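Chemist: Structure file run-v7.cif (mmCIF, C-alpha atoms) is given on the next line.
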data_data
loop_
_atom_site.label_atom_id
_atom_site.label_comp_id
_atom_site.auth_asym_id
_atom_site.auth_seq_id
_atom_site.Cartn_x
_atom_site.Cartn_y
_atom_site.Cartn_z
CA MET A 1 115.65 -47.68 156.06
CA LEU A 2 118.65 -45.45 155.43
CA ARG A 3 117.98 -45.53 151.73
CA ARG A 4 114.40 -44.53 152.32
CA LEU A 5 115.50 -41.62 154.50
CA MET A 6 117.90 -40.48 151.83
CA ALA A 7 115.27 -40.71 149.17
CA LEU A 8 112.91 -38.68 151.32
CA SER A 9 115.48 -35.98 151.94
CA VAL A 10 116.24 -35.79 148.22
CA ILE A 11 112.56 -35.29 147.54
CA ALA A 12 112.34 -32.69 150.28
CA MET A 13 115.33 -30.84 148.87
CA SER A 14 114.04 -30.82 145.34
CA LEU A 15 110.62 -29.66 146.56
CA SER A 16 112.11 -26.79 148.52
CA ALA A 17 114.23 -25.89 145.51
CA LEU A 18 111.09 -25.80 143.41
CA GLY A 19 109.42 -23.65 146.00
CA ALA A 20 112.32 -21.23 146.07
CA GLN A 21 112.32 -21.07 142.30
CA ALA A 22 108.62 -20.35 142.19
CA GLN A 23 109.02 -17.59 144.72
CA THR A 24 111.92 -15.87 143.07
CA SER A 25 111.15 -16.46 139.43
CA PRO A 26 109.58 -13.35 137.93
CA THR A 27 108.54 -15.25 134.81
CA SER A 28 106.24 -17.62 136.72
CA THR A 29 103.25 -18.81 134.71
CA GLU A 30 101.04 -18.59 137.79
CA PRO A 31 98.45 -15.84 137.37
CA PRO A 32 98.97 -13.06 139.89
CA ARG A 33 96.74 -13.44 142.93
CA ALA A 34 95.67 -9.82 142.71
CA SER A 35 93.31 -10.43 139.78
CA ALA A 36 90.63 -12.42 141.57
CA VAL A 37 88.23 -11.72 138.72
CA ASP A 38 88.59 -14.29 135.97
CA SER A 39 87.66 -12.49 132.77
CA ALA A 40 86.40 -15.66 131.08
CA SER A 41 83.89 -16.16 133.90
CA ILE A 42 82.68 -12.59 133.46
CA GLN A 43 82.43 -13.22 129.74
CA ALA A 44 80.29 -16.29 130.43
CA LEU A 45 77.86 -14.07 132.35
CA LYS A 46 77.82 -11.59 129.46
CA ASP A 47 77.11 -14.36 126.96
CA MET A 48 74.34 -15.78 129.12
CA GLY A 49 72.83 -12.31 129.61
CA ALA A 50 72.94 -11.58 125.89
CA TYR A 51 71.29 -14.90 125.14
CA LEU A 52 68.59 -14.38 127.77
CA GLN A 53 67.75 -11.01 126.22
CA THR A 54 67.10 -12.71 122.86
CA LEU A 55 64.37 -14.93 124.32
CA LYS A 56 60.99 -13.48 123.44
CA ARG A 57 58.39 -16.00 124.55
CA PHE A 58 59.14 -18.66 127.12
CA ARG A 59 58.19 -20.36 130.35
CA VAL A 60 60.69 -20.71 133.14
CA SER A 61 59.90 -22.63 136.31
CA THR A 62 61.85 -22.62 139.50
CA GLU A 63 61.98 -24.38 142.79
CA VAL A 64 63.80 -22.39 145.43
CA THR A 65 64.98 -23.65 148.79
CA GLY A 66 65.65 -20.78 151.16
CA GLU A 67 66.68 -20.35 154.77
CA ARG A 68 65.57 -18.19 157.66
CA VAL A 69 67.91 -17.51 160.53
CA LEU A 70 66.29 -17.55 163.96
CA ALA A 71 67.29 -15.31 166.87
CA ASP A 72 69.94 -17.72 168.16
CA GLY A 73 71.45 -18.48 164.75
CA GLN A 74 69.63 -21.74 164.13
CA LYS A 75 68.45 -22.01 160.54
CA LEU A 76 65.15 -23.24 159.13
CA GLN A 77 64.75 -24.23 155.53
CA HIS A 78 61.71 -23.60 153.33
CA THR A 79 60.77 -24.32 149.76
CA ALA A 80 58.69 -22.44 147.21
CA THR A 81 58.01 -22.78 143.51
CA ALA A 82 57.17 -20.38 140.72
CA ASP A 83 56.23 -20.49 137.05
CA LEU A 84 56.84 -17.48 134.86
CA ASP A 85 55.14 -17.19 131.50
CA VAL A 86 56.83 -14.45 129.55
CA ASP A 87 56.16 -12.59 126.32
CA ARG A 88 58.62 -9.74 125.87
CA PRO A 89 58.65 -6.85 126.05
CA ASN A 90 55.68 -6.30 128.33
CA LYS A 91 53.67 -9.40 129.21
CA LEU A 92 54.20 -11.60 132.22
CA ARG A 93 52.22 -14.05 134.28
CA ALA A 94 53.77 -15.47 137.43
CA LEU A 95 52.36 -18.17 139.66
CA MET A 96 54.07 -18.32 143.05
CA ARG A 97 53.55 -21.09 145.56
CA SER A 98 54.86 -21.42 149.07
CA PRO A 99 53.53 -23.82 151.71
CA GLY A 100 51.07 -21.33 153.17
CA SER A 101 50.02 -19.38 150.13
CA GLU A 102 49.54 -19.23 146.42
CA ARG A 103 49.75 -15.98 144.50
CA VAL A 104 49.33 -14.97 140.91
CA LEU A 105 50.75 -11.92 139.18
CA VAL A 106 49.31 -10.89 135.82
CA PHE A 107 50.86 -8.10 133.76
CA ASN A 108 49.54 -7.08 130.36
CA GLY A 109 51.80 -4.10 129.71
CA LYS A 110 49.25 -1.60 131.03
CA THR A 111 48.14 -2.91 134.40
CA VAL A 112 49.47 -5.39 136.89
CA THR A 113 47.27 -7.49 139.14
CA LEU A 114 48.23 -9.46 142.21
CA TYR A 115 45.74 -12.18 143.01
CA THR A 116 45.49 -14.63 145.91
CA PRO A 117 43.21 -17.50 144.86
CA ALA A 118 42.59 -18.83 148.38
CA GLN A 119 40.96 -15.62 149.58
CA LYS A 120 39.94 -14.40 146.12
CA TYR A 121 41.51 -11.02 146.78
CA TYR A 122 43.10 -9.01 144.03
CA SER A 123 44.84 -5.66 143.69
CA THR A 124 45.34 -3.90 140.39
CA VAL A 125 47.74 -1.07 139.63
CA GLU A 126 48.22 0.94 136.43
CA LEU A 127 51.69 0.24 135.15
CA ASP A 128 52.51 1.12 131.56
CA ASP A 129 55.99 -0.28 131.17
CA THR A 130 58.17 -3.17 130.07
CA ILE A 131 58.76 -6.26 132.21
CA ASN A 132 62.00 -4.71 133.45
CA GLY A 133 60.16 -1.52 134.36
CA LEU A 134 57.54 -3.60 136.13
CA ILE A 135 60.19 -5.41 138.16
CA GLU A 136 61.84 -2.18 139.29
CA ARG A 137 58.65 -0.34 140.07
CA LEU A 138 57.03 -3.20 141.96
CA GLU A 139 60.14 -3.66 144.05
CA VAL A 140 60.82 -0.02 144.80
CA ARG A 141 57.27 1.22 145.21
CA TYR A 142 55.48 -1.81 146.60
CA GLY A 143 58.21 -4.05 148.00
CA VAL A 144 56.98 -6.87 145.78
CA GLN A 145 59.66 -9.13 144.43
CA ILE A 146 59.17 -11.08 141.25
CA PRO A 147 60.68 -14.56 141.20
CA LEU A 148 63.83 -14.88 139.13
CA ALA A 149 64.04 -11.13 138.54
CA ASP A 150 67.75 -11.56 137.81
CA LEU A 151 66.87 -13.35 134.57
CA PHE A 152 65.51 -10.10 133.19
CA ARG A 153 68.38 -7.97 134.52
CA TRP A 154 71.29 -9.99 133.22
CA GLY A 155 72.40 -8.57 129.90
CA THR A 156 71.21 -5.07 130.87
CA ALA A 157 72.61 -2.13 132.82
CA ALA A 158 70.60 -3.31 135.83
CA ALA A 159 73.10 -6.14 136.30
CA PRO A 160 76.46 -4.34 136.44
CA LEU A 161 79.29 -6.85 136.20
CA ASP A 162 81.90 -4.40 137.49
CA LYS A 163 80.55 -4.88 141.01
CA ILE A 164 81.93 -8.42 141.04
CA GLU A 165 85.01 -8.64 143.26
CA SER A 166 85.86 -12.26 142.60
CA ALA A 167 84.98 -14.55 139.71
CA MET A 168 86.11 -18.08 139.05
CA ASN A 169 85.40 -21.07 136.91
CA ALA A 170 84.48 -23.94 139.22
CA GLY A 171 84.55 -26.65 136.58
CA GLN A 172 81.63 -28.53 135.08
CA ASP A 173 78.66 -30.29 136.58
CA PHE A 174 75.35 -31.83 135.57
CA VAL A 175 72.06 -30.20 136.47
CA ASP A 176 69.11 -32.48 135.78
CA GLY A 177 71.01 -34.18 132.98
CA ASP A 178 72.33 -30.99 131.35
CA LEU A 179 76.07 -30.48 131.25
CA CYS A 180 76.76 -27.08 132.77
CA ASP A 181 79.68 -24.76 133.40
CA HIS A 182 79.86 -23.85 137.05
CA TYR A 183 81.00 -20.35 138.06
CA ALA A 184 81.42 -18.74 141.47
CA PHE A 185 81.35 -15.02 142.26
CA ARG A 186 81.66 -12.68 145.21
CA GLN A 187 80.15 -9.22 145.32
CA GLY A 188 79.27 -7.04 148.28
CA THR A 189 77.83 -9.16 151.04
CA ILE A 190 76.90 -12.11 148.84
CA ASP A 191 78.69 -15.08 147.38
CA TRP A 192 76.90 -16.63 144.46
CA GLN A 193 77.23 -19.54 142.08
CA ILE A 194 75.64 -20.27 138.77
CA TRP A 195 75.43 -23.35 136.58
CA ILE A 196 75.09 -22.37 132.90
CA ARG A 197 74.23 -24.94 130.28
CA THR A 198 77.13 -25.58 127.91
CA GLY A 199 76.68 -25.11 124.17
CA THR A 200 74.79 -22.64 122.01
CA ARG A 201 71.93 -22.06 124.46
CA PRO A 202 73.63 -20.81 127.63
CA LEU A 203 70.67 -21.00 130.00
CA PRO A 204 71.11 -20.77 133.77
CA ARG A 205 69.99 -24.07 135.33
CA LYS A 206 70.93 -23.53 138.96
CA ILE A 207 71.71 -20.50 141.14
CA VAL A 208 73.00 -20.54 144.71
CA ILE A 209 73.20 -17.32 146.71
CA THR A 210 74.91 -17.19 150.09
CA SER A 211 74.45 -14.11 152.23
CA ARG A 212 77.48 -13.03 154.22
CA SER A 213 75.62 -10.23 156.00
CA ASP A 214 74.61 -12.69 158.73
CA GLU A 215 77.25 -14.96 160.27
CA ALA A 216 74.84 -17.89 159.86
CA ARG A 217 75.13 -17.34 156.08
CA PRO A 218 71.60 -18.10 154.94
CA GLN A 219 71.59 -19.59 151.48
CA SER A 220 69.08 -20.01 148.67
CA VAL A 221 69.24 -22.69 146.00
CA SER A 222 67.16 -22.20 142.85
CA LEU A 223 66.71 -24.87 140.19
CA LEU A 224 65.47 -23.62 136.83
CA ASP A 225 63.52 -25.42 134.11
CA TRP A 226 63.03 -23.86 130.69
CA LYS A 227 60.44 -24.18 127.96
CA LEU A 228 61.52 -22.13 124.97
CA LYS A 229 58.48 -23.15 122.92
CA PRO A 230 55.72 -22.64 125.48
CA ALA A 231 52.13 -23.72 124.90
CA PHE A 232 50.37 -20.73 126.48
CA THR A 233 48.16 -18.25 124.63
CA ASP A 234 47.99 -14.47 124.99
CA SER A 235 44.80 -14.66 127.04
CA ILE A 236 46.77 -15.68 130.12
CA PHE A 237 48.12 -12.14 130.34
CA GLN A 238 44.66 -10.66 130.88
CA PHE A 239 43.21 -10.76 134.36
CA ALA A 240 39.45 -11.13 134.70
CA PRO A 241 38.31 -11.22 138.34
CA PRO A 242 36.81 -14.63 139.07
CA LYS A 243 33.27 -14.72 140.40
CA GLY A 244 33.18 -13.65 144.02
CA ALA A 245 36.60 -12.03 143.93
CA THR A 246 37.12 -8.86 145.96
CA LYS A 247 39.37 -5.97 145.07
CA ILE A 248 41.61 -4.86 147.95
CA GLU A 249 44.03 -1.99 148.40
CA ILE A 250 47.74 -2.46 147.83
CA ILE A 251 49.78 -0.27 150.15
CA PRO A 252 52.99 1.30 148.85
CA ARG A 253 56.12 0.25 150.66
CA LYS A 254 56.83 2.35 153.70
CA THR A 255 60.37 3.62 153.98
CA LYS A 256 61.58 4.92 157.25
CA MET B 257 63.71 -31.79 138.12
CA LYS B 258 63.30 -35.38 139.15
CA SER B 259 64.71 -34.73 142.57
CA SER B 260 62.33 -31.85 143.11
CA LEU B 261 59.39 -34.17 142.59
CA ARG B 262 60.63 -36.39 145.35
CA LYS B 263 61.16 -33.33 147.49
CA ARG B 264 57.62 -32.20 146.87
CA PHE B 265 56.31 -35.61 147.78
CA LEU B 266 58.23 -35.50 151.03
CA ALA B 267 56.95 -31.99 151.64
CA ALA B 268 53.42 -33.20 151.08
CA LEU B 269 53.93 -36.06 153.49
CA THR B 270 55.22 -33.64 156.09
CA ALA B 271 52.30 -31.35 155.42
CA CYS B 272 49.89 -34.25 155.87
CA ALA B 273 51.52 -35.16 159.15
CA LEU B 274 51.37 -31.58 160.34
CA ALA B 275 47.80 -31.21 159.21
CA GLY B 276 46.74 -33.64 161.87
CA PHE B 277 42.98 -33.76 162.18
CA THR B 278 42.26 -30.60 160.28
CA VAL B 279 39.92 -31.17 157.42
CA ALA B 280 41.71 -30.16 154.28
CA THR B 281 39.76 -28.11 151.82
CA VAL B 282 40.35 -27.61 148.16
CA VAL B 283 41.54 -24.26 146.99
CA GLU B 284 41.14 -23.71 143.31
CA ALA B 285 44.09 -22.19 141.57
CA ALA B 286 43.41 -19.44 139.10
CA GLY B 287 46.36 -20.14 136.87
CA ALA B 288 45.88 -23.75 135.95
CA ARG B 289 49.08 -25.38 134.91
CA GLY B 290 50.40 -28.75 134.01
CA GLY B 291 53.15 -30.40 135.93
CA GLY B 292 51.65 -29.84 139.33
CA GLY B 293 53.13 -27.96 142.21
CA ALA B 294 53.42 -28.54 145.89
CA ARG B 295 49.66 -28.75 146.20
CA ALA B 296 49.32 -31.44 143.61
CA ALA B 297 51.85 -33.67 145.27
CA GLY B 298 49.28 -35.15 147.61
CA GLY B 299 48.05 -37.46 144.90
CA GLY B 300 46.82 -35.86 141.73
CA ALA B 301 43.19 -34.86 141.48
CA GLY B 302 42.18 -35.46 145.09
CA PRO B 303 41.65 -32.75 147.68
CA SER B 304 44.86 -30.94 148.45
CA ALA B 305 46.30 -30.87 151.93
CA GLN B 306 46.89 -27.51 153.51
CA VAL B 307 49.56 -26.58 155.93
CA ASN B 308 48.69 -26.29 159.58
CA ASN B 309 51.27 -24.56 161.71
CA SER B 310 49.35 -24.47 164.96
CA ARG B 311 51.93 -26.75 166.55
CA ALA B 312 54.93 -24.79 165.34
CA ASP B 313 57.25 -23.55 168.07
CA ALA B 314 57.02 -19.84 168.86
CA ARG B 315 60.73 -19.53 168.13
CA THR B 316 60.00 -20.03 164.44
CA ASN B 317 58.59 -16.50 164.45
CA GLU B 318 61.85 -14.99 165.61
CA VAL B 319 63.49 -14.56 162.24
CA ARG B 320 66.57 -12.36 162.34
CA SER B 321 67.51 -12.65 158.66
CA SER B 322 66.94 -14.82 155.66
CA SER B 323 68.41 -15.87 152.37
CA VAL B 324 68.05 -13.74 149.25
CA ASN B 325 66.97 -14.91 145.81
CA ASN B 326 68.50 -12.30 143.58
CA VAL B 327 72.00 -11.17 142.82
CA ASN B 328 71.04 -7.83 141.30
CA VAL B 329 68.91 -5.71 143.56
CA SER B 330 67.30 -2.45 142.63
CA ARG B 331 69.58 0.39 143.62
CA ASP B 332 66.81 2.31 145.34
CA VAL B 333 65.92 -0.65 147.49
CA ASN B 334 69.56 -1.10 148.39
CA VAL B 335 69.75 2.45 149.61
CA SER B 336 66.87 2.12 151.99
CA ARG B 337 68.19 -1.24 153.10
CA ASN B 338 71.51 0.24 154.05
CA VAL B 339 69.74 2.72 156.25
CA ASN B 340 67.87 0.04 158.17
CA VAL B 341 70.45 -2.65 158.02
CA ASP B 342 69.01 -5.24 160.28
CA VAL B 343 65.30 -4.76 160.43
CA ASP B 344 64.23 -3.91 156.96
CA VAL B 345 65.30 -7.02 155.14
CA ASP B 346 62.31 -9.20 155.84
CA ARG B 347 59.63 -6.68 156.35
CA GLY B 348 57.55 -7.38 153.37
CA CYS B 349 60.32 -6.62 150.98
CA CYS B 350 62.00 -8.68 148.63
CA GLY B 351 61.48 -12.34 149.18
CA TRP B 352 58.73 -13.93 147.16
CA ASP B 353 59.39 -17.32 148.72
CA HIS B 354 59.01 -16.49 152.38
CA PRO B 355 56.70 -18.53 154.52
CA VAL B 356 54.14 -16.50 156.35
CA ALA B 357 55.91 -16.26 159.68
CA ALA B 358 58.83 -14.48 158.04
CA ALA B 359 56.82 -11.33 158.48
CA ALA B 360 57.59 -11.49 162.19
CA VAL B 361 61.03 -10.11 162.76
CA VAL B 362 63.07 -10.07 165.92
CA GLY B 363 63.39 -6.62 167.34
CA ALA B 364 60.52 -5.25 165.34
CA THR B 365 58.43 -2.80 167.26
CA VAL B 366 55.46 -4.66 168.57
CA ALA B 367 52.62 -2.34 169.22
CA ALA B 368 50.26 -3.01 172.08
CA THR B 369 48.61 -5.83 170.23
CA SER B 370 45.82 -7.73 171.81
CA ALA B 371 46.85 -10.96 170.11
CA VAL B 372 50.19 -12.68 170.55
CA VAL B 373 52.39 -12.82 167.49
CA GLY B 374 52.45 -16.34 166.18
CA SER B 375 49.06 -17.28 167.53
CA ILE B 376 46.63 -18.83 165.10
CA VAL B 377 42.92 -18.39 164.52
CA TYR B 378 40.55 -19.91 161.99
CA ALA B 379 39.03 -16.57 161.05
CA PRO B 380 40.06 -12.99 161.71
CA PRO B 381 37.74 -11.02 164.00
CA PRO B 382 34.98 -8.99 162.35
CA GLY B 383 35.88 -5.53 161.17
CA CYS B 384 39.28 -6.42 159.77
CA VAL B 385 40.36 -4.87 156.48
CA PRO B 386 42.16 -6.97 153.89
CA VAL B 387 45.16 -5.24 152.32
CA ASN B 388 48.07 -6.22 150.17
CA TYR B 389 51.47 -5.15 151.46
CA GLY B 390 54.72 -6.27 149.93
CA GLY B 391 52.83 -8.69 147.72
CA MET B 392 51.29 -10.46 150.71
CA VAL B 393 47.67 -10.35 151.79
CA TYR B 394 46.99 -9.33 155.38
CA GLN B 395 43.91 -8.77 157.48
CA GLN B 396 44.48 -5.58 159.44
CA CYS B 397 42.44 -5.33 162.60
CA GLY B 398 43.46 -2.11 164.29
CA SER B 399 46.99 -2.72 165.51
CA THR B 400 46.78 -6.47 165.02
CA TRP B 401 47.73 -7.99 161.70
CA TYR B 402 46.76 -11.44 160.53
CA GLN B 403 48.20 -13.29 157.60
CA PRO B 404 46.36 -16.16 155.94
CA GLN B 405 48.20 -19.43 155.99
CA GLY B 406 46.46 -22.39 154.49
CA SER B 407 43.00 -22.36 156.03
CA GLN B 408 44.14 -20.45 159.11
CA TYR B 409 45.29 -16.98 160.06
CA VAL B 410 48.45 -16.27 161.99
CA VAL B 411 49.09 -13.11 163.96
CA VAL B 412 52.20 -11.36 162.67
CA ASN B 413 54.06 -8.23 163.64
CA PRO B 414 52.77 -5.21 161.74
CA PRO B 415 54.57 -5.27 158.38
CA TYR B 416 55.31 -1.54 158.58
#
How does the structure come out when it is put into C-alpha cells?
Modeler:
Amino acid sequence: MLRRLMALSVIAMSLSALGAQAQTSPTSTEPPRASAVDSASIQALKDMGAYLQTLKRFRVSTEVTGERVLADGQKLQHTATADLDVDRPNKLRALMRSPGSERVLVFNGKTVTLYTPAQKYYSTVELDDTINGLIERLEVRYGVQIPLADLFRWGTAAAPLDKIESAMNAGQDFVDGDLCDHYAFRQGTIDWQIWIRTGTRPLPRKIVITSRSDEARPQSVSLLDWKLKPAFTDSIFQFAPPKGATKIEIIPRKTK
Amino acid sequence: MKSSLRKRFLAALTACALAGFTVATVVEAAGARGGGGARAAGGGAGPSAQVNNSRADARTNEVRSSSVNNVNVSRDVNVSRNVNVDVDVDRGCCGWDHPVAAAAVVGATVAATSAVVGSIVYAPPPGCVPVNYGGMVYQQCGSTWYQPQGSQYVVVNPPY
C-alpha cells in the first residue's frame, strides 16, 4: 500500500515537472495555439479546387440530409437528391428531387429553363454565361440555388480561402469504400467538414455544414457520387417543352 | 451509396404509410435517369407513391431557420441576408432541398389570407396564377399562395 502510494507520488511529481517544463520551455515543439489555421488543410482545399476545375464533362450525384428548426428549437430532418450533368464551360442539367417536388434545370449556355414535371410548368430566361455565371446570377437575381454550387466555386476567386478562421486535419475515414482525408473548418457563422478522396483524384465525397447562427445548429450532410466518364449526350442540355407544358413567369427575387 | 439506398427505401415506406388511402398517381420525370431516386424506391417500374402531408402537425410550418448546403455564398446574397438576419434565410432563397412547408416562416408577415397557412387542398381555386419564385412553383390566388406538394397543394405564407 505504502509502496503504491510512493509510486503514485513519484508519477505525480514527474508529471508536474513535465508540465512545468512544457510551460516554461520556449523551445517547445508544440505548435502555437494562435495559428488555428493548419496550412496543409488549406492546401488540401486548394488541390481539390484545382482538380475540380480540370474536370470538363462529368456527372455528380448527391443526397443531402438537411434540418429545419421549428419555433421552439425542435429540429426536423429532410432528405433530397440531385444529379448534375456537366459539360464545362457552359452546359448544365440538374435534376432535383425532394419529397414533395421534382425540378429540372437545363442550361445550354444561352438560356436557362426551370421545369417542374408534375405540373408541366417551365420558365425560361436568357442567360449567356458560363456555369459559374449562371450560379451567381440565378442566386442573386432569382434566389434559385443550384445543388452543389460549391463544387464550381472551389478553385476560383468565388471561394476565398482567407475567410477560414480555423482549419484542421481530422484524420482519415472511409466514405462508401473510398479512403478519404477528413478536414474541419470554421468560417463566419458556419463550421464545415469535408472528406476528400486520397490519391491523385482528390474528389469531395462528403460535406457536412453546421450553422452556428441558430443555437439549435441545423446541419446538412451531403454525400457525393462521381462519374468522370458520363454516358450522357449533348442533347440533354437542350430543353424542348413537352407536350402540354405551360410557360410561366419567373419572378426576380425581392429584396427589402 | 449503399446506405442511401436503404435510406430511400425507408423514406418510401414512410411515404407509403403517410399516403394512407390516397390514390397515388404516376408523375413522369422529364430527365430520365438510371439509378432511381426517391420516387423509384417504391419498387421499380410500378406507380410511384406521392407524399401526403395532410396529417402533418401545424407546428411543422413554423420554421425559424434551416441548414445550409453551401460554404461559399454569393457576396451579394450575403449582403441582403445580413440586412434581414432572421427572416430572409428561408424565403425562397438558397436552399434547393427544402420541403414545401419551409416557405412558411415564423414571424413572416401574414397578410389577411382567407386560407390558413399549412392547410391542404387538392386543387387551387380557379383564377390562380402559376409563378416561379426562388426556383419553386406557386399558385398565387390574390393574397393566398399555394405550393404543390405531391398531388396536393399546401397554403404557404407569401414568399415575398
Chemist: Give me the result of the PyMOL selection byres ((chain B and resi 309-314) around 9) on this file, residue by residue, as a PyMOL selection string.
Modeler: chain B and resi 274-275+307-308+315-318+373-377+405-406+408+410
Chemist: Take the PyMOL selection byres ((chain A) within 6 of (chain B)), apply it to the structure above, and return the hits as a list in words.
Modeler: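 Checked against the file, the PyMOL selection byres ((chain A) within 6 of (chain B)) matches Gly66, Glu67, Arg68, Val69, Leu70, Ala71, Ala80, Gly100, Pro117, Ala118, Val140, Tyr142, Gly143, Val144, Gln145, Asp150, Ala159, Asp176, Pro218, Gln219, Ser220, Ile248, Glu249, Ile250 and Ile251 of chain A.
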Chemist: Report the distance between CA of Ala149 in chain A and CA of Gly177 in chain A in Å, rounded to one decimal place.
Modeler: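 These atoms are spaced 24.7 Å apart.
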Chemist: To one decimal place in Å, what is the distance between CA of Ile190 in chain A and CA of Thr210 in chain A?
Modeler: 5.6 Å
Chemist: Any idea what the distance is between CA of Gln77 in chain A and CA of Ser304 in chain B?
Modeler: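 Here the two named atoms are 22.2 Å from each other.
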Chemist: What would the selection look like, as a PDB file with C-alpha atoms, keeping the file's coordinate frame, if the PyMOL selection byres ((chain A and resi 229) around 12) were run on the coordinates I just shared?
Modeler:
ATOM      1  CA  LEU A  55      64.370 -14.930 124.320  1.00  0.00           C
ATOM      2  CA  LYS A  56      60.990 -13.480 123.440  1.00  0.00           C
ATOM      3  CA  ARG A  57      58.390 -16.000 124.550  1.00  0.00           C
ATOM      4  CA  PHE A  58      59.140 -18.660 127.120  1.00  0.00           C
ATOM      5  CA  ARG A  59      58.190 -20.360 130.350  1.00  0.00           C
ATOM      6  CA  VAL A  60      60.690 -20.710 133.140  1.00  0.00           C
ATOM      7  CA  ASP A  85      55.140 -17.190 131.500  1.00  0.00           C
ATOM      8  CA  VAL A  86      56.830 -14.450 129.550  1.00  0.00           C
ATOM      9  CA  ASP A  87      56.160 -12.590 126.320  1.00  0.00           C
ATOM     10  CA  TRP A 226      63.030 -23.860 130.690  1.00  0.00           C
ATOM     11  CA  LYS A 227      60.440 -24.180 127.960  1.00  0.00           C
ATOM     12  CA  LEU A 228      61.520 -22.130 124.970  1.00  0.00           C
ATOM     13  CA  PRO A 230      55.720 -22.640 125.480  1.00  0.00           C
ATOM     14  CA  ALA A 231      52.130 -23.720 124.900  1.00  0.00           C
ATOM     15  CA  PHE A 232      50.370 -20.730 126.480  1.00  0.00           C
ATOM     16  CA  THR A 233      48.160 -18.250 124.630  1.00  0.00           C
TER      17      THR A 233
END
Chemist: Using only C-alpha atoms, can you list as a compact mmCIF listing (two decimals) with C-alpha atoms, in the coordinates of the input the residues within 7 Å of (64.5, -24.7, 141.6)?
Modeler:
# COMPACT_ATOMS: atom_id res chain seq x y z
CA THR A 62 61.85 -22.62 139.50
CA GLU A 63 61.98 -24.38 142.79
CA VAL A 64 63.80 -22.39 145.43
CA VAL A 221 69.24 -22.69 146.00
CA SER A 222 67.16 -22.20 142.85
CA LEU A 223 66.71 -24.87 140.19
CA LEU A 224 65.47 -23.62 136.83
Chemist: So which residues fall inside 8 Å of (59.5, -9.1, 130.9) if we count all atoms listed in the file? Mind giving them as a list in words?
Modeler: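 Protein and nucleic acid residues near the point are Val86, Asp87, Arg88, Pro89, Asn90, Lys91, Leu92, Thr130, Ile131, Asn132, Leu134 and Phe152 of chain A.
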Chemist: Only C-alpha atoms, please: the residues just picked out, written as a PDB file, in the coordinates of the input.
Modeler:
ATOM      1  CA  VAL A  86      56.830 -14.450 129.550  1.00  0.00           C
ATOM      2  CA  ASP A  87      56.160 -12.590 126.320  1.00  0.00           C
ATOM      3  CA  ARG A  88      58.620  -9.740 125.870  1.00  0.00           C
ATOM      4  CA  PRO A  89      58.650  -6.850 126.050  1.00  0.00           C
ATOM      5  CA  ASN A  90      55.680  -6.300 128.330  1.00  0.00           C
ATOM      6  CA  LYS A  91      53.670  -9.400 129.210  1.00  0.00           C
ATOM      7  CA  LEU A  92      54.200 -11.600 132.220  1.00  0.00           C
ATOM      8  CA  THR A 130      58.170  -3.170 130.070  1.00  0.00           C
ATOM      9  CA  ILE A 131      58.760  -6.260 132.210  1.00  0.00           C
ATOM     10  CA  ASN A 132      62.000  -4.710 133.450  1.00  0.00           C
ATOM     11  CA  LEU A 134      57.540  -3.600 136.130  1.00  0.00           C
ATOM     12  CA  PHE A 152      65.510 -10.100 133.190  1.00  0.00           C
TER      13      PHE A 152
END
Chemist: Which of these, A:Thr189, A:Lys163, A:Met96, A:Val175, has the shortest distance to Ser213 in chain A once you count only C-alpha atoms?
Modeler: A:Thr189
Chemist: Please provide the set of residues having any atom within 10 Å of Gly155 in chain A, restricted to only C-alpha atoms, with same-chain residues fewer than 2 positions apart removed, written as a JSON list (two decimals) with C-alpha atoms, keeping the file's coordinate frame.
Modeler:
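Saved as selection.json:
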[["chain", "number", "residue", "atom", "x", "y", "z"],
["A", 45, "LEU", "CA", 77.86, -14.07, 132.35],
["A", 46, "LYS", "CA", 77.82, -11.59, 129.46],
["A", 47, "ASP", "CA", 77.11, -14.36, 126.96],
["A", 48, "MET", "CA", 74.34, -15.78, 129.12],
["A", 49, "GLY", "CA", 72.83, -12.31, 129.61],
["A", 50, "ALA", "CA", 72.94, -11.58, 125.89],
["A", 51, "TYR", "CA", 71.29, -14.90, 125.14],
["A", 52, "LEU", "CA", 68.59, -14.38, 127.77],
["A", 53, "GLN", "CA", 67.75, -11.01, 126.22],
["A", 54, "THR", "CA", 67.10, -12.71, 122.86],
["A", 150, "ASP", "CA", 67.75, -11.56, 137.81],
["A", 151, "LEU", "CA", 66.87, -13.35, 134.57],
["A", 152, "PHE", "CA", 65.51, -10.10, 133.19],
["A", 153, "ARG", "CA", 68.38, -7.97, 134.52],
["A", 157, "ALA", "CA", 72.61, -2.13, 132.82],
["A", 158, "ALA", "CA", 70.60, -3.31, 135.83],
["A", 159, "ALA", "CA", 73.10, -6.14, 136.30],
["A", 160, "PRO", "CA", 76.46, -4.34, 136.44],
["A", 161, "LEU", "CA", 79.29, -6.85, 136.20]]
Chemist: Hey, which of A:Ser98, A:Ser41, A:Ser35, A:Ser166 ends up closest to Thr65 in chain A? Count all atoms listed in the file.
Modeler: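 Residue with the minimum atom-to-atom distance to Thr65 in chain A: A:Ser98.
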Chemist: When distances are computed from all atoms listed in the file, which of A:Thr198, A:Thr116, A:Ser123, A:Asn108 shows the smallest separation from Asp234 in chain A?
Modeler: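 For Asp234 in chain A, the nearest of the given residues is A:Asn108.
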Chemist: With N, CA and C atoms as the goal, would you fill in the gaps in range 320-324 of chain B and present it as a compact mmCIF listing (two decimals), in the frame of the given file?
Modeler:
# COMPACT_ATOMS: atom_id res chain seq x y z
N ARG B 320 65.68 -13.52 162.32
CA ARG B 320 66.57 -12.36 162.34
C ARG B 320 67.09 -12.00 160.94
N SER B 321 67.13 -12.95 160.04
CA SER B 321 67.51 -12.65 158.66
C SER B 321 67.12 -13.84 157.81
N SER B 322 67.26 -13.68 156.52
CA SER B 322 66.94 -14.82 155.66
C SER B 322 67.73 -14.73 154.36
N SER B 323 67.67 -15.82 153.62
CA SER B 323 68.41 -15.87 152.37
C SER B 323 67.79 -14.94 151.34
N VAL B 324 68.56 -14.56 150.34
CA VAL B 324 68.05 -13.74 149.25
C VAL B 324 68.01 -14.58 147.98
